[in-house]
$ cat start-v7.tsv   # TSV, C-alpha atoms
chain	number	residue	atom	x	y	z
A	1	MET	CA	11.66	6.87	-19.84
A	2	GLU	CA	10.62	4.37	-17.17
A	3	SER	CA	9.29	7.19	-14.97
A	4	ILE	CA	7.17	8.55	-17.84
A	5	LYS	CA	5.80	5.06	-18.46
A	6	ASN	CA	4.92	4.73	-14.76
A	7	ILE	CA	3.18	8.12	-14.80
A	8	LEU	CA	1.04	6.89	-17.70
A	9	LYS	CA	0.28	3.69	-15.78
A	10	GLY	CA	-0.70	5.79	-12.77
A	11	MET	CA	-3.04	7.86	-14.93
A	12	VAL	CA	-4.82	4.73	-16.17
A	13	ILE	CA	-5.12	3.41	-12.59
A	14	GLY	CA	-6.35	6.80	-11.35
A	15	LEU	CA	-9.05	6.96	-14.02
A	16	ALA	CA	-10.12	3.40	-13.24
A	17	ASN	CA	-10.47	4.18	-9.53
A	18	ILE	CA	-13.09	6.88	-10.07
A	19	ILE	CA	-15.23	5.07	-12.66
A	20	PRO	CA	-17.99	2.86	-11.20
A	21	GLY	CA	-17.57	-0.73	-12.39
A	22	VAL	CA	-13.89	-0.35	-13.27
A	23	SER	CA	-11.32	-1.73	-10.82
A	24	GLY	CA	-8.09	0.13	-10.12
A	25	GLY	CA	-6.61	-3.12	-8.79
A	26	THR	CA	-7.40	-4.86	-12.07
A	27	MET	CA	-5.65	-2.07	-13.93
A	28	MET	CA	-2.59	-2.56	-11.72
A	29	VAL	CA	-2.56	-6.20	-12.82
A	30	SER	CA	-3.09	-5.23	-16.47
A	31	MET	CA	-0.20	-2.76	-16.24
A	32	ASN	CA	1.97	-5.60	-14.84
A	33	ILE	CA	2.86	-3.69	-11.68
A	34	TYR	CA	0.52	-5.23	-9.09
A	35	ASP	CA	3.01	-7.55	-7.39
A	36	LYS	CA	5.76	-4.93	-7.34
A	37	LEU	CA	3.41	-2.20	-6.13
A	38	ILE	CA	2.18	-4.35	-3.23
A	39	HIS	CA	5.79	-5.18	-2.31
A	40	CYS	CA	6.80	-1.50	-2.39
A	41	ILE	CA	3.90	-0.52	-0.12
A	42	THR	CA	4.49	-3.28	2.44
A	43	HIS	CA	8.27	-2.71	2.48
A	44	LEU	CA	8.16	1.05	2.05
A	45	PHE	CA	10.50	1.95	4.90
A	46	SER	CA	12.90	-1.00	4.69
A	47	GLU	CA	13.71	-0.13	1.05
A	48	PHE	CA	12.64	3.50	1.22
A	49	LYS	CA	14.55	5.18	-1.63
A	50	LYS	CA	14.01	2.39	-4.14
A	51	ASN	CA	10.31	2.09	-3.35
A	52	VAL	CA	9.63	5.83	-3.39
A	53	LEU	CA	11.32	6.16	-6.79
A	54	PHE	CA	8.95	3.49	-8.12
A	55	LEU	CA	5.78	4.70	-6.37
A	56	LEU	CA	6.14	8.46	-6.89
A	57	PRO	CA	5.58	8.54	-10.70
A	58	ILE	CA	2.57	6.24	-10.33
A	59	PHE	CA	1.15	8.45	-7.57
A	60	ILE	CA	1.72	11.59	-9.70
A	61	GLY	CA	-0.10	9.96	-12.62
A	62	MET	CA	-3.02	8.97	-10.39
A	63	VAL	CA	-3.36	12.48	-8.94
A	64	VAL	CA	-3.23	14.09	-12.40
A	65	ALA	CA	-5.86	11.69	-13.72
A	66	ILE	CA	-8.19	12.07	-10.72
A	67	ILE	CA	-7.98	15.88	-10.79
A	68	GLY	CA	-8.45	16.04	-14.55
A	69	SER	CA	-11.21	13.45	-14.66
A	70	SER	CA	-13.19	15.08	-11.86
A	71	PHE	CA	-13.96	17.77	-14.45
A	72	GLY	CA	-13.88	15.88	-17.74
A	73	ILE	CA	-14.60	12.15	-17.39
A	74	GLU	CA	-18.35	12.64	-17.08
A	75	ALA	CA	-18.40	14.39	-20.48
A	76	LEU	CA	-16.77	11.36	-22.12
A	77	PHE	CA	-19.27	8.96	-20.57
A	78	ASP	CA	-22.19	11.25	-21.39
A	79	ASN	CA	-21.20	11.88	-25.02
A	80	TYR	CA	-19.33	8.68	-25.93
A	81	PRO	CA	-20.51	6.00	-23.48
A	82	ILE	CA	-20.00	2.99	-25.76
A	83	GLN	CA	-16.54	4.02	-26.93
A	84	THR	CA	-15.35	5.01	-23.44
A	85	ASN	CA	-16.55	1.80	-21.80
A	86	LEU	CA	-15.08	-0.38	-24.55
A	87	ALA	CA	-11.75	1.43	-24.22
A	88	PHE	CA	-11.64	0.50	-20.53
A	89	ILE	CA	-12.68	-3.08	-21.29
A	90	GLY	CA	-9.74	-3.26	-23.71
A	91	LEU	CA	-7.43	-1.87	-21.03
A	92	ILE	CA	-8.60	-4.56	-18.62
A	93	LEU	CA	-8.44	-7.56	-20.98
A	94	GLY	CA	-5.00	-6.49	-22.17
A	95	GLY	CA	-3.67	-7.65	-18.81
A	96	LEU	CA	-4.85	-11.25	-19.20
A	97	PRO	CA	-1.72	-12.53	-21.02
A	98	VAL	CA	0.48	-11.29	-18.15
A	99	VAL	CA	-1.54	-13.20	-15.55
A	100	PHE	CA	-1.88	-16.35	-17.66
A	101	LYS	CA	1.91	-16.55	-17.82
A	102	LYS	CA	1.88	-16.99	-14.04
A	103	VAL	CA	-0.30	-20.13	-14.16
A	104	LYS	CA	0.00	-21.75	-17.61
A	105	LYS	CA	2.99	-23.93	-16.69
A	106	GLU	CA	1.28	-25.31	-13.60
A	107	LYS	CA	-1.32	-28.08	-13.45
A	108	THR	CA	-4.84	-26.72	-13.00
A	109	LYS	CA	-6.56	-28.12	-9.90
A	110	LEU	CA	-10.19	-28.12	-8.81
A	111	GLY	CA	-9.34	-25.51	-6.15
A	112	HIS	CA	-8.03	-23.17	-8.86
A	113	ILE	CA	-11.31	-23.46	-10.78
A	114	ILE	CA	-13.29	-22.81	-7.60
A	115	SER	CA	-11.15	-19.73	-6.90
A	116	PHE	CA	-11.79	-18.48	-10.44
A	117	ALA	CA	-15.54	-19.11	-10.21
A	118	PHE	CA	-15.91	-17.55	-6.75
A	119	PHE	CA	-14.32	-14.24	-7.69
A	120	PHE	CA	-16.03	-14.19	-11.09
A	121	LEU	CA	-19.44	-14.53	-9.43
A	122	LEU	CA	-18.46	-12.06	-6.68
A	123	VAL	CA	-17.78	-9.24	-9.14
A	124	VAL	CA	-20.84	-9.95	-11.29
A	125	GLY	CA	-22.97	-10.11	-8.13
A	126	LEU	CA	-21.62	-6.79	-6.85
A	127	ALA	CA	-22.32	-5.23	-10.24
A	128	LEU	CA	-25.92	-6.45	-10.24
A	129	VAL	CA	-26.47	-5.12	-6.72
A	130	GLY	CA	-24.78	-1.84	-7.55
A	131	SER	CA	-26.54	-1.19	-10.85
A	132	GLY	CA	-28.71	1.38	-9.09
A	133	ASP	CA	-27.28	4.49	-7.42
A	134	GLY	CA	-27.31	4.60	-3.64
A	135	ALA	CA	-28.84	7.63	-1.94
A	136	ASN	CA	-26.23	10.37	-1.57
A	137	LYS	CA	-25.04	10.95	1.98
A	138	ALA	CA	-24.44	14.39	3.45
A	139	LEU	CA	-20.82	15.16	4.35
A	140	THR	CA	-20.24	16.95	7.66
A	141	THR	CA	-17.15	18.42	9.33
A	142	SER	CA	-18.15	17.39	12.85
A	143	PHE	CA	-15.90	14.99	14.77
A	144	GLU	CA	-18.33	12.13	14.11
A	145	GLY	CA	-18.51	13.12	10.44
A	146	MET	CA	-14.72	13.07	10.14
A	147	LEU	CA	-14.58	9.60	11.73
A	148	VAL	CA	-17.12	8.42	9.16
A	149	LEU	CA	-15.03	9.93	6.36
A	150	PHE	CA	-11.94	8.16	7.71
A	151	GLY	CA	-13.85	4.85	7.67
A	152	ILE	CA	-15.13	5.48	4.15
A	153	GLY	CA	-11.55	6.21	3.07
A	154	VAL	CA	-10.40	2.88	4.51
A	155	ILE	CA	-13.18	1.01	2.70
A	156	ALA	CA	-12.55	2.86	-0.56
A	157	SER	CA	-8.80	2.22	-0.58
A	158	ALA	CA	-9.18	-1.44	0.36
A	159	THR	CA	-11.59	-2.05	-2.50
A	160	MET	CA	-9.47	0.01	-4.89
A	161	VAL	CA	-6.41	-2.18	-4.26
A	162	ILE	CA	-8.23	-5.53	-4.63
A	163	PRO	CA	-8.32	-6.54	-8.33
A	164	GLY	CA	-11.79	-6.83	-9.81
A	165	VAL	CA	-13.56	-4.89	-7.07
A	166	SER	CA	-14.53	-1.35	-8.05
A	167	GLY	CA	-13.87	1.03	-5.17
A	168	SER	CA	-15.96	3.73	-6.83
A	169	MET	CA	-18.87	1.28	-7.20
A	170	VAL	CA	-18.65	0.45	-3.48
A	171	LEU	CA	-18.70	4.19	-2.69
A	172	LEU	CA	-21.71	4.53	-4.97
A	173	LEU	CA	-23.53	1.78	-3.08
A	174	LEU	CA	-22.70	3.46	0.24
A	175	GLY	CA	-23.89	6.83	-1.06
A	176	TYR	CA	-20.51	8.60	-0.84
A	177	TYR	CA	-19.32	8.51	-4.47
A	178	ASN	CA	-21.00	11.69	-5.75
A	179	PRO	CA	-20.45	13.69	-2.51
A	180	ILE	CA	-16.70	12.84	-2.42
A	181	LEU	CA	-16.27	13.61	-6.13
A	182	SER	CA	-18.12	16.91	-5.65
A	183	ALA	CA	-15.94	17.72	-2.62
A	184	ILE	CA	-12.78	17.25	-4.73
A	185	THR	CA	-14.16	19.43	-7.53
A	186	ASP	CA	-15.32	22.16	-5.10
A	187	PHE	CA	-11.94	22.14	-3.34
A	188	LEU	CA	-10.09	22.62	-6.64
A	189	ARG	CA	-12.41	25.46	-7.63
A	190	ALA	CA	-11.93	27.10	-4.24
A	191	LEU	CA	-8.17	26.77	-4.70
A	192	ALA	CA	-8.35	28.41	-8.14
A	193	ASP	CA	-10.52	31.25	-6.75
A	194	PHE	CA	-8.49	31.65	-3.51
A	195	ASP	CA	-11.73	31.03	-1.61
A	196	MET	CA	-10.40	30.47	1.93
A	197	GLU	CA	-13.75	29.42	3.38
A	198	GLY	CA	-14.18	26.81	0.65
A	199	LEU	CA	-10.59	25.63	1.11
A	200	VAL	CA	-11.01	25.16	4.87
A	201	TYR	CA	-14.27	23.25	4.39
A	202	GLY	CA	-12.74	21.06	1.68
A	203	PHE	CA	-9.68	20.46	3.86
A	204	LYS	CA	-11.89	19.21	6.71
A	205	ILE	CA	-13.66	16.81	4.34
A	206	LEU	CA	-10.77	15.52	2.26
A	207	VAL	CA	-8.03	15.17	4.91
A	208	PRO	CA	-9.79	12.54	7.08
A	209	PHE	CA	-10.91	10.74	3.93
A	210	GLY	CA	-7.32	10.85	2.58
A	211	ILE	CA	-5.86	9.56	5.87
A	212	GLY	CA	-8.33	6.67	5.74
A	213	VAL	CA	-7.29	5.91	2.16
A	214	VAL	CA	-3.59	5.75	3.10
A	215	PHE	CA	-4.29	3.58	6.16
A	216	GLY	CA	-6.48	1.22	4.16
A	217	ILE	CA	-3.92	0.83	1.38
A	218	PHE	CA	-1.18	-0.24	3.82
A	219	ALA	CA	-3.52	-2.62	5.68
A	220	ILE	CA	-4.91	-4.41	2.62
A	221	ALA	CA	-1.52	-4.51	0.87
A	222	LYS	CA	-0.06	-6.51	3.76
A	223	LEU	CA	-2.97	-8.96	3.62
A	224	VAL	CA	-2.59	-9.34	-0.15
A	225	GLU	CA	1.15	-9.99	0.22
A	226	ILE	CA	0.46	-12.78	2.74
A	227	ILE	CA	-2.05	-14.40	0.37
A	228	PHE	CA	0.37	-14.29	-2.57
A	229	ASN	CA	3.16	-15.78	-0.44
A	230	LYS	CA	1.00	-18.59	0.98
A	231	CYS	CA	-1.08	-19.62	-2.08
A	232	PRO	CA	0.03	-17.76	-5.23
A	233	LEU	CA	-1.68	-20.01	-7.81
A	234	TYR	CA	-5.07	-19.72	-6.08
A	235	ALA	CA	-4.55	-15.94	-5.94
A	236	TYR	CA	-3.71	-15.70	-9.65
A	237	TRP	CA	-6.69	-17.86	-10.67
A	238	GLY	CA	-8.85	-15.61	-8.52
A	239	ILE	CA	-7.43	-12.57	-10.29
A	240	ILE	CA	-8.17	-14.16	-13.68
A	241	GLY	CA	-11.77	-14.57	-12.54
A	242	LEU	CA	-11.83	-10.93	-11.45
A	243	ILE	CA	-10.40	-9.72	-14.78
A	244	VAL	CA	-12.73	-11.81	-16.96
A	245	SER	CA	-15.79	-10.68	-14.97
A	246	SER	CA	-14.84	-6.98	-14.94
A	247	PRO	CA	-16.09	-6.24	-18.50
A	248	ILE	CA	-19.45	-7.79	-17.56
A	249	ALA	CA	-19.56	-5.58	-14.45
A	250	ILE	CA	-18.80	-2.48	-16.52
A	251	LEU	CA	-21.60	-3.24	-18.98
A	252	VAL	CA	-24.05	-3.94	-16.14
A	253	VAL	CA	-23.23	-0.86	-14.04
A	254	ASN	CA	-22.99	1.63	-16.92
A	255	GLU	CA	-26.22	1.68	-18.88
A	256	LEU	CA	-25.36	1.96	-22.59
A	257	PRO	CA	-27.54	3.40	-25.36
A	258	VAL	CA	-28.67	1.33	-28.35
A	259	PRO	CA	-25.59	1.13	-30.62
A	260	ASN	CA	-25.51	2.25	-34.23
A	261	VAL	CA	-23.00	1.52	-37.00
A	262	VAL	CA	-20.78	4.49	-36.12
A	263	SER	CA	-20.70	3.75	-32.39
A	264	ILE	CA	-19.96	0.06	-33.08
A	265	LEU	CA	-17.04	0.88	-35.40
A	266	THR	CA	-15.58	3.61	-33.18
A	267	GLY	CA	-16.19	1.44	-30.12
A	268	ALA	CA	-14.24	-1.41	-31.74
A	269	ILE	CA	-11.38	0.99	-32.45
A	270	ALA	CA	-11.48	2.22	-28.83
A	271	PHE	CA	-11.44	-1.38	-27.58
A	272	VAL	CA	-8.41	-2.30	-29.73
A	273	ALA	CA	-6.65	0.92	-28.67
A	274	GLY	CA	-7.25	0.10	-25.00
A	275	LEU	CA	-6.03	-3.46	-25.54
A	276	PHE	CA	-2.89	-2.20	-27.29
A	277	VAL	CA	-2.11	0.43	-24.65
A	278	SER	CA	-2.58	-2.08	-21.82
A	279	MET	CA	-0.33	-4.68	-23.44
A	280	LYS	CA	2.40	-2.12	-24.21
A	281	LEU	CA	2.32	-0.61	-20.73
A	282	GLY	CA	2.34	-4.10	-19.25
A	283	GLU	CA	5.58	-5.10	-21.02

$ encode --input "start-v7.tsv" --output "structure tokens"
Amino acid sequence: MESIKNILKGMVIGLANIIPGVSGGTMMVSMNIYDKLIHCITHLFSEFKKNVLFLLPIFIGMVVAIIGSSFGIEALFDNYPIQTNLAFIGLILGGLPVVFKKVKKEKTKLGHIISFAFFFLLVVGLALVGSGDGANKALTTSFEGMLVLFGIGVIASATMVIPGVSGSMVLLLLGYYNPILSAITDFLRALADFDMEGLVYGFKILVPFGIGVVFGIFAIAKLVEIIFNKCPLYAYWGIIGLIVSSPIAILVVNELPVPNVVSILTGAIAFVAGLFVSMKLGE
């Protein structure tokens, strides 16, 4: 049962990581697995069996969600933008009670408020800067191109792990979001069609990017662990700022149509459903 629950959590995190404006790290906090996930990554080999058993279902859920969403998520945003965005806002805000429990018994200091305000403004600022699409970059399989893909993978994974920062939005700003998403889709189609030429090309694109992602996750996880060990209350107040600002970032980055009565009602239902799912998965 716990494994199934972790697969579902992984699916939510995977979806969040590919949607501009939505933070996978924030979803990890909302699912109440952020601290444990960081610990498992940084102590992977010292507690190998235990950590793999925890990480594997989450990883499976993320892969399933990313593969599935590379074909279907755009349809949801195109056809039901208000409802889909409100569902994700509900998923994010459902994690606030978990984080507040970490700080509510402690006295609030000026430094905590500054930490909250800094990260709140950081996310809103990034959203305002990223509200326009960056020019798409061309992906190449040359040695230099693979090094660039490795670097982009490092950047993407680092921003995906940090709560409140949307890795997909950063990729969008850099001009690699659409090309990488297209490369994943093309690779899966080549796999289904047994297109060897397409598979080899996709392999050359996705492997260096994937290696960069793995490297970046381990590097940033260690840094996050140090921060939580040295100044946990400042870190949690920063995360609260990131969570509270994330809905604003989503609404800024994703242009929504003028709502009508139906979209408002169904959007409210989607928001409550997201809130409920987040709170249940976070238990």

$ closest_residue --input "start-v7.tsv" --among "A:Ile162, A:Ile264, A:Leu181, A:Leu53" --to "Phe119 of chain A" --atoms "only C-alpha atoms"
A:Ile162

$ residues_around --input "start-v7.tsv" --residues "Ser142 of chain A" --least-positions-apart "5" --cutoff "10 Å" --atoms "only C-alpha atoms" --output "ChimeraX atom specification"
/A:147-148,204-205

$ atom_distance --input "start-v7.tsv" --atom1 "atom CA of Tyr176 of chain A" --atom2 "atom CA of Phe209 of chain A"
10.9 Å

$ atom_distance --input "start-v7.tsv" --atom1 "atom CA of Gly241 of chain A" --atom2 "atom CA of Ser30 of chain A"
13.3 Å

$ atom_distance --input "start-v7.tsv" --atom1 "atom CA of Leu251 of chain A" --atom2 "atom CA of Ile89 of chain A"
9.2 Å

$ closest_atom_pairs --input "start-v7.tsv" --of "segment 16-103 of chain A" --to "segment 236-239 of chain A" --cutoff "12 Å" --atoms "only C-alpha atoms" --output "Markdown table"
| residue | atom | partner | partner_atom | distance |
| --- | --- | --- | --- | --- |
| A:Ser23 | CA | A:Ile239 | CA | 11.5 |
| A:Gly25 | CA | A:Ile239 | CA | 9.6 |
| A:Thr26 | CA | A:Ile239 | CA | 7.9 |
| A:Met27 | CA | A:Ile239 | CA | 11.3 |
| A:Met28 | CA | A:Ile239 | CA | 11.2 |
| A:Val29 | CA | A:Ile239 | CA | 8.4 |
| A:Ser30 | CA | A:Ile239 | CA | 10.5 |
| A:Tyr34 | CA | A:Ile239 | CA | 10.9 |
| A:Asp35 | CA | A:Tyr236 | CA | 10.8 |
| A:Ile92 | CA | A:Ile239 | CA | 11.6 |
| A:Leu93 | CA | A:Ile239 | CA | 11.8 |
| A:Gly95 | CA | A:Ile239 | CA | 10.5 |
| A:Leu96 | CA | A:Ile239 | CA | 9.4 |
| A:Pro97 | CA | A:Tyr236 | CA | 12.0 |
| A:Val98 | CA | A:Tyr236 | CA | 10.5 |
| A:Val99 | CA | A:Tyr236 | CA | 6.8 |
| A:Phe100 | CA | A:Tyr236 | CA | 8.2 |
| A:Lys101 | CA | A:Tyr236 | CA | 10.0 |
| A:Lys102 | CA | A:Tyr236 | CA | 7.2 |
| A:Val103 | CA | A:Tyr236 | CA | 7.2 |
